[in-house]
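Trainee: Below you will find the structure I want to go over with you.
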Amino acid sequence: MTLTVYLSGEIHTDWREQIVKGSDDLDVTFDSPVTDHGASDDCGVAILGAEPNKYWHDHKGAMVNAIRTRKGLEDADVVVVRFGDKYKQWNAAFDAGYAAALGKSLIVLNPPEHQHALKEVHAAALAVAEEPSQVVDVLRYVLTGQLPG
């Protein structure tokens, strides 16, 4: 069995790299949004033309990014959504809801102090992890039946 895993959410730490590296012996392919913050913010105006109003600047970028995000979420077998410490990831909450609406297997990754704030998102998830290694362990178990350790 091959799994396609979409890694959504926080872009300021190396959690994606930890999951990809930890899964290198598994039959998994990964996809994610563009994680270059500047490119993601400015893609709309860089491609479609400048906007004097910041709202429209951001709106153009969000629409262009949504093409990639929708495709990645729709093609995924498993969606991992990471909520980090530093910023509020409203887009990650949207991705989690979209994945749940699509009936995707959802794994939420967040620090324990976000448990209460994310309780509704957690209720839609099939697993809630605190560390990237736990996501790898879930993927390994799903694919091989092997428990960690």
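Ligands are numbered from 1 in the order shown, chains are lettered A, B, ... in the order of the structure tokens, and residues start at 1 in each chain.
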Using only C-alpha atoms, which residues sit within 9 Å of stretch 76-84 of chain A once same-chain residues fewer than 5 positions away are excluded, as a PDB file with N, CA, C and O atoms, in the first residue's frame?
Mentor:
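Written out: around24.pdb:
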ATOM      1  N   LEU A   3       0.841   5.427   0.520  1.00  0.00           N
ATOM      2  CA  LEU A   3       0.051   6.535   1.054  1.00  0.00           C
ATOM      3  C   LEU A   3       0.562   7.851   0.478  1.00  0.00           C
ATOM      4  O   LEU A   3       1.769   8.076   0.396  1.00  0.00           O
ATOM      5  N   THR A   4      -0.368   8.700   0.113  1.00  0.00           N
ATOM      6  CA  THR A   4      -0.056  10.072  -0.243  1.00  0.00           C
ATOM      7  C   THR A   4      -0.447  10.926   0.947  1.00  0.00           C
ATOM      8  O   THR A   4      -1.597  10.898   1.385  1.00  0.00           O
ATOM      9  N   VAL A   5       0.524  11.666   1.470  1.00  0.00           N
ATOM     10  CA  VAL A   5       0.330  12.445   2.694  1.00  0.00           C
ATOM     11  C   VAL A   5       0.546  13.921   2.377  1.00  0.00           C
ATOM     12  O   VAL A   5       1.587  14.300   1.828  1.00  0.00           O
ATOM     13  N   TYR A   6      -0.434  14.736   2.717  1.00  0.00           N
ATOM     14  CA  TYR A   6      -0.334  16.186   2.541  1.00  0.00           C
ATOM     15  C   TYR A   6       0.011  16.803   3.889  1.00  0.00           C
ATOM     16  O   TYR A   6      -0.679  16.566   4.887  1.00  0.00           O
ATOM     17  N   LEU A   7       1.089  17.577   3.930  1.00  0.00           N
ATOM     18  CA  LEU A   7       1.580  18.200   5.164  1.00  0.00           C
ATOM     19  C   LEU A   7       1.204  19.678   5.163  1.00  0.00           C
ATOM     20  O   LEU A   7       1.805  20.481   4.445  1.00  0.00           O
ATOM     21  N   SER A   8       0.214  20.028   5.951  1.00  0.00           N
ATOM     22  CA  SER A   8      -0.339  21.377   5.976  1.00  0.00           C
ATOM     23  C   SER A   8      -0.011  22.075   7.278  1.00  0.00           C
ATOM     24  O   SER A   8       0.197  21.443   8.303  1.00  0.00           O
ATOM     25  N   GLY A   9      -0.008  23.398   7.241  1.00  0.00           N
ATOM     26  CA  GLY A   9       0.097  24.168   8.473  1.00  0.00           C
ATOM     27  C   GLY A   9       1.393  24.920   8.617  1.00  0.00           C
ATOM     28  O   GLY A   9       2.021  25.323   7.637  1.00  0.00           O
ATOM     29  N   GLU A  10       1.780  25.110   9.843  1.00  0.00           N
ATOM     30  CA  GLU A  10       2.898  25.953  10.267  1.00  0.00           C
ATOM     31  C   GLU A  10       4.131  25.756   9.385  1.00  0.00           C
ATOM     32  O   GLU A  10       4.492  24.629   9.046  1.00  0.00           O
ATOM     33  N   ILE A  11       4.757  26.895   8.993  1.00  0.00           N
ATOM     34  CA  ILE A  11       5.899  26.824   8.069  1.00  0.00           C
ATOM     35  C   ILE A  11       7.202  27.329   8.679  1.00  0.00           C
ATOM     36  O   ILE A  11       8.191  27.487   7.966  1.00  0.00           O
ATOM     37  N   HIS A  12       7.246  27.564   9.963  1.00  0.00           N
ATOM     38  CA  HIS A  12       8.416  28.205  10.568  1.00  0.00           C
ATOM     39  C   HIS A  12       9.360  27.246  11.268  1.00  0.00           C
ATOM     40  O   HIS A  12      10.376  27.690  11.808  1.00  0.00           O
ATOM     41  N   THR A  13       9.061  25.961  11.283  1.00  0.00           N
ATOM     42  CA  THR A  13       9.961  24.972  11.885  1.00  0.00           C
ATOM     43  C   THR A  13      10.165  23.829  10.889  1.00  0.00           C
ATOM     44  O   THR A  13       9.539  23.787   9.829  1.00  0.00           O
ATOM     45  N   TRP A  15       9.318  20.646  11.050  1.00  0.00           N
ATOM     46  CA  TRP A  15       8.500  19.457  11.314  1.00  0.00           C
ATOM     47  C   TRP A  15       8.263  18.627  10.060  1.00  0.00           C
ATOM     48  O   TRP A  15       8.237  17.391  10.139  1.00  0.00           O
ATOM     49  N   PHE A  30       4.900  12.566  -0.274  1.00  0.00           N
ATOM     50  CA  PHE A  30       4.484  13.755   0.459  1.00  0.00           C
ATOM     51  C   PHE A  30       4.232  14.917  -0.484  1.00  0.00           C
ATOM     52  O   PHE A  30       4.882  15.051  -1.521  1.00  0.00           O
ATOM     53  N   ASP A  31       3.310  15.755  -0.093  1.00  0.00           N
ATOM     54  CA  ASP A  31       3.030  17.007  -0.774  1.00  0.00           C
ATOM     55  C   ASP A  31       2.760  18.043   0.309  1.00  0.00           C
ATOM     56  O   ASP A  31       2.474  17.695   1.463  1.00  0.00           O
ATOM     57  N   LYS A  71      -5.823  20.843  -4.638  1.00  0.00           N
ATOM     58  CA  LYS A  71      -5.338  19.648  -5.339  1.00  0.00           C
ATOM     59  C   LYS A  71      -4.630  18.712  -4.362  1.00  0.00           C
ATOM     60  O   LYS A  71      -4.874  17.503  -4.361  1.00  0.00           O
ATOM     61  N   GLN A  89      -2.421  29.786  13.035  1.00  0.00           N
ATOM     62  CA  GLN A  89      -2.498  29.252  11.683  1.00  0.00           C
ATOM     63  C   GLN A  89      -3.960  29.075  11.275  1.00  0.00           C
ATOM     64  O   GLN A  89      -4.487  27.973  11.275  1.00  0.00           O
ATOM     65  N   ALA A  92      -4.423  26.727   8.500  1.00  0.00           N
ATOM     66  CA  ALA A  92      -4.329  25.323   8.880  1.00  0.00           C
ATOM     67  C   ALA A  92      -5.673  24.813   9.385  1.00  0.00           C
ATOM     68  O   ALA A  92      -6.077  23.688   9.076  1.00  0.00           O
ATOM     69  N   ALA A  93      -6.384  25.635  10.148  1.00  0.00           N
ATOM     70  CA  ALA A  93      -7.711  25.236  10.622  1.00  0.00           C
ATOM     71  C   ALA A  93      -8.656  25.054   9.437  1.00  0.00           C
ATOM     72  O   ALA A  93      -9.455  24.114   9.395  1.00  0.00           O
ATOM     73  N   ASP A  95      -7.734  24.216   6.367  1.00  0.00           N
ATOM     74  CA  ASP A  95      -7.322  22.986   5.697  1.00  0.00           C
ATOM     75  C   ASP A  95      -7.826  21.753   6.446  1.00  0.00           C
ATOM     76  O   ASP A  95      -8.260  20.782   5.820  1.00  0.00           O
ATOM     77  N   ALA A  96      -7.775  21.777   7.767  1.00  0.00           N
ATOM     78  CA  ALA A  96      -8.270  20.641   8.547  1.00  0.00           C
ATOM     79  C   ALA A  96      -9.764  20.438   8.317  1.00  0.00           C
ATOM     80  O   ALA A  96     -10.229  19.306   8.134  1.00  0.00           O
ATOM     81  N   ALA A  99     -10.275  19.082   4.762  1.00  0.00           N
ATOM     82  CA  ALA A  99      -9.904  17.664   4.716  1.00  0.00           C
ATOM     83  C   ALA A  99     -10.974  16.798   5.373  1.00  0.00           C
ATOM     84  O   ALA A  99     -11.337  15.741   4.846  1.00  0.00           O
ATOM     85  N   LYS A 104     -11.125  12.806   4.470  1.00  0.00           N
ATOM     86  CA  LYS A 104      -9.727  12.376   4.523  1.00  0.00           C
ATOM     87  C   LYS A 104      -9.353  11.946   5.937  1.00  0.00           C
ATOM     88  O   LYS A 104      -9.877  12.460   6.922  1.00  0.00           O
ATOM     89  N   SER A 105      -8.432  11.010   6.030  1.00  0.00           N
ATOM     90  CA  SER A 105      -7.868  10.647   7.329  1.00  0.00           C
ATOM     91  C   SER A 105      -7.007  11.814   7.786  1.00  0.00           C
ATOM     92  O   SER A 105      -6.081  12.225   7.089  1.00  0.00           O
ATOM     93  N   LEU A 106      -7.320  12.345   8.940  1.00  0.00           N
ATOM     94  CA  LEU A 106      -6.704  13.572   9.431  1.00  0.00           C
ATOM     95  C   LEU A 106      -5.881  13.289  10.686  1.00  0.00           C
ATOM     96  O   LEU A 106      -6.372  12.659  11.629  1.00  0.00           O
ATOM     97  N   ILE A 107      -4.631  13.747  10.652  1.00  0.00           N
ATOM     98  CA  ILE A 107      -3.765  13.719  11.823  1.00  0.00           C
ATOM     99  C   ILE A 107      -3.453  15.165  12.170  1.00  0.00           C
ATOM    100  O   ILE A 107      -3.003  15.928  11.321  1.00  0.00           O
ATOM    101  N   VAL A 108      -3.719  15.548  13.408  1.00  0.00           N
ATOM    102  CA  VAL A 108      -3.421  16.903  13.868  1.00  0.00           C
ATOM    103  C   VAL A 108      -2.167  16.841  14.727  1.00  0.00           C
ATOM    104  O   VAL A 108      -2.010  15.930  15.554  1.00  0.00           O
ATOM    105  N   LEU A 109      -1.288  17.809  14.509  1.00  0.00           N
ATOM    106  CA  LEU A 109      -0.015  17.882  15.226  1.00  0.00           C
ATOM    107  C   LEU A 109       0.067  19.243  15.892  1.00  0.00           C
ATOM    108  O   LEU A 109       0.030  20.272  15.207  1.00  0.00           O
ATOM    109  N   ASN A 110       0.122  19.250  17.217  1.00  0.00           N
ATOM    110  CA  ASN A 110       0.202  20.525  17.931  1.00  0.00           C
ATOM    111  C   ASN A 110       0.758  20.324  19.334  1.00  0.00           C
ATOM    112  O   ASN A 110       0.702  19.227  19.880  1.00  0.00           O
ATOM    113  N   PRO A 111       1.293  21.411  19.928  1.00  0.00           N
ATOM    114  CA  PRO A 111       1.768  21.312  21.303  1.00  0.00           C
ATOM    115  C   PRO A 111       0.585  21.139  22.263  1.00  0.00           C
ATOM    116  O   PRO A 111      -0.544  21.549  21.948  1.00  0.00           O
ATOM    117  N   HIS A 114      -2.220  23.784  23.152  1.00  0.00           N
ATOM    118  CA  HIS A 114      -3.280  24.152  22.190  1.00  0.00           C
ATOM    119  C   HIS A 114      -4.472  23.195  22.244  1.00  0.00           C
ATOM    120  O   HIS A 114      -5.422  23.331  21.481  1.00  0.00           O
ATOM    121  N   VAL A 135       3.762  11.189  14.360  1.00  0.00           N
ATOM    122  CA  VAL A 135       3.128  11.095  13.038  1.00  0.00           C
ATOM    123  C   VAL A 135       3.799   9.981  12.238  1.00  0.00           C
ATOM    124  O   VAL A 135       3.119   9.160  11.615  1.00  0.00           O
TER     125      VAL A 135
END
Trainee: Counting only C-alpha atoms, which of A:Ala66, A:Val136, A:Ala39, A:Leu48 gets nearest to A:Lys21?
Mentor: A:Val136
Trainee: Give the helix (DSSP H, G or I) residues of stretch 63-115 of chain A, as DSSP finds them on the backbone, and put them as a ChimeraX atom specification.
Mentor: /A:63-75,90-101,112-114
Trainee: Out of stretch 9-135 of chain A, which residues get strand (DSSP E) from DSSP, as a PyMOL selection string?
Mentor: chain A and resi 9+28-31+78-82+105-109+127-129
Trainee: Looking at only C-alpha atoms, which of A:Glu130, A:Thr35, A:Gly149, A:Glu17 is the one that sits closest to A:Thr69?
Mentor: A:Thr35
Trainee: Choose the residue, out of A:Asp24, A:Asp14, A:Glu51, A:Asp36, that has the smallest atom-to-atom separation from A:Arg140; count only C-alpha atoms.
Mentor: A:Asp24
Trainee: In Å, how far is it from atom CA of A:Ala124 to atom CA of A:Leu147?
Mentor: 23.6 Å
Trainee: Tell me, in Å to one decimal, how far atom CA of A:Asp137 is from atom CA of A:Leu102.
Mentor: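 It comes out at 23.9 Å.
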Trainee: Here is a test: counting only C-alpha atoms, which residue of A:Gly97, A:Pro33, A:Gly22, A:Gly145 is nearest to A:Leu118?
Mentor: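 For A:Leu118, the nearest of the given residues is A:Gly97.
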Trainee: Record the distance separating atom CA of A:Ala123 and atom CA of A:Gly72, expressed in Å with one decimal.
Mentor: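 Computed distance, atom CA of A:Ala123 to atom CA of A:Gly72, equals 22.3 Å.
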Trainee: Return the single residue from A:Arg16, A:Lys88, A:Arg68, A:Lys54 that is closest to A:Pro132, with distances computed using only C-alpha atoms.
Mentor: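 Among the listed residues, the smallest separation from A:Pro132 belongs to A:Arg16.
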Trainee: So, with only C-alpha atoms as the atoms that count, which of A:Gly103, A:Gly38, A:Gly44, A:Pro112 lies closest to A:Leu126?
Mentor: A:Gly103
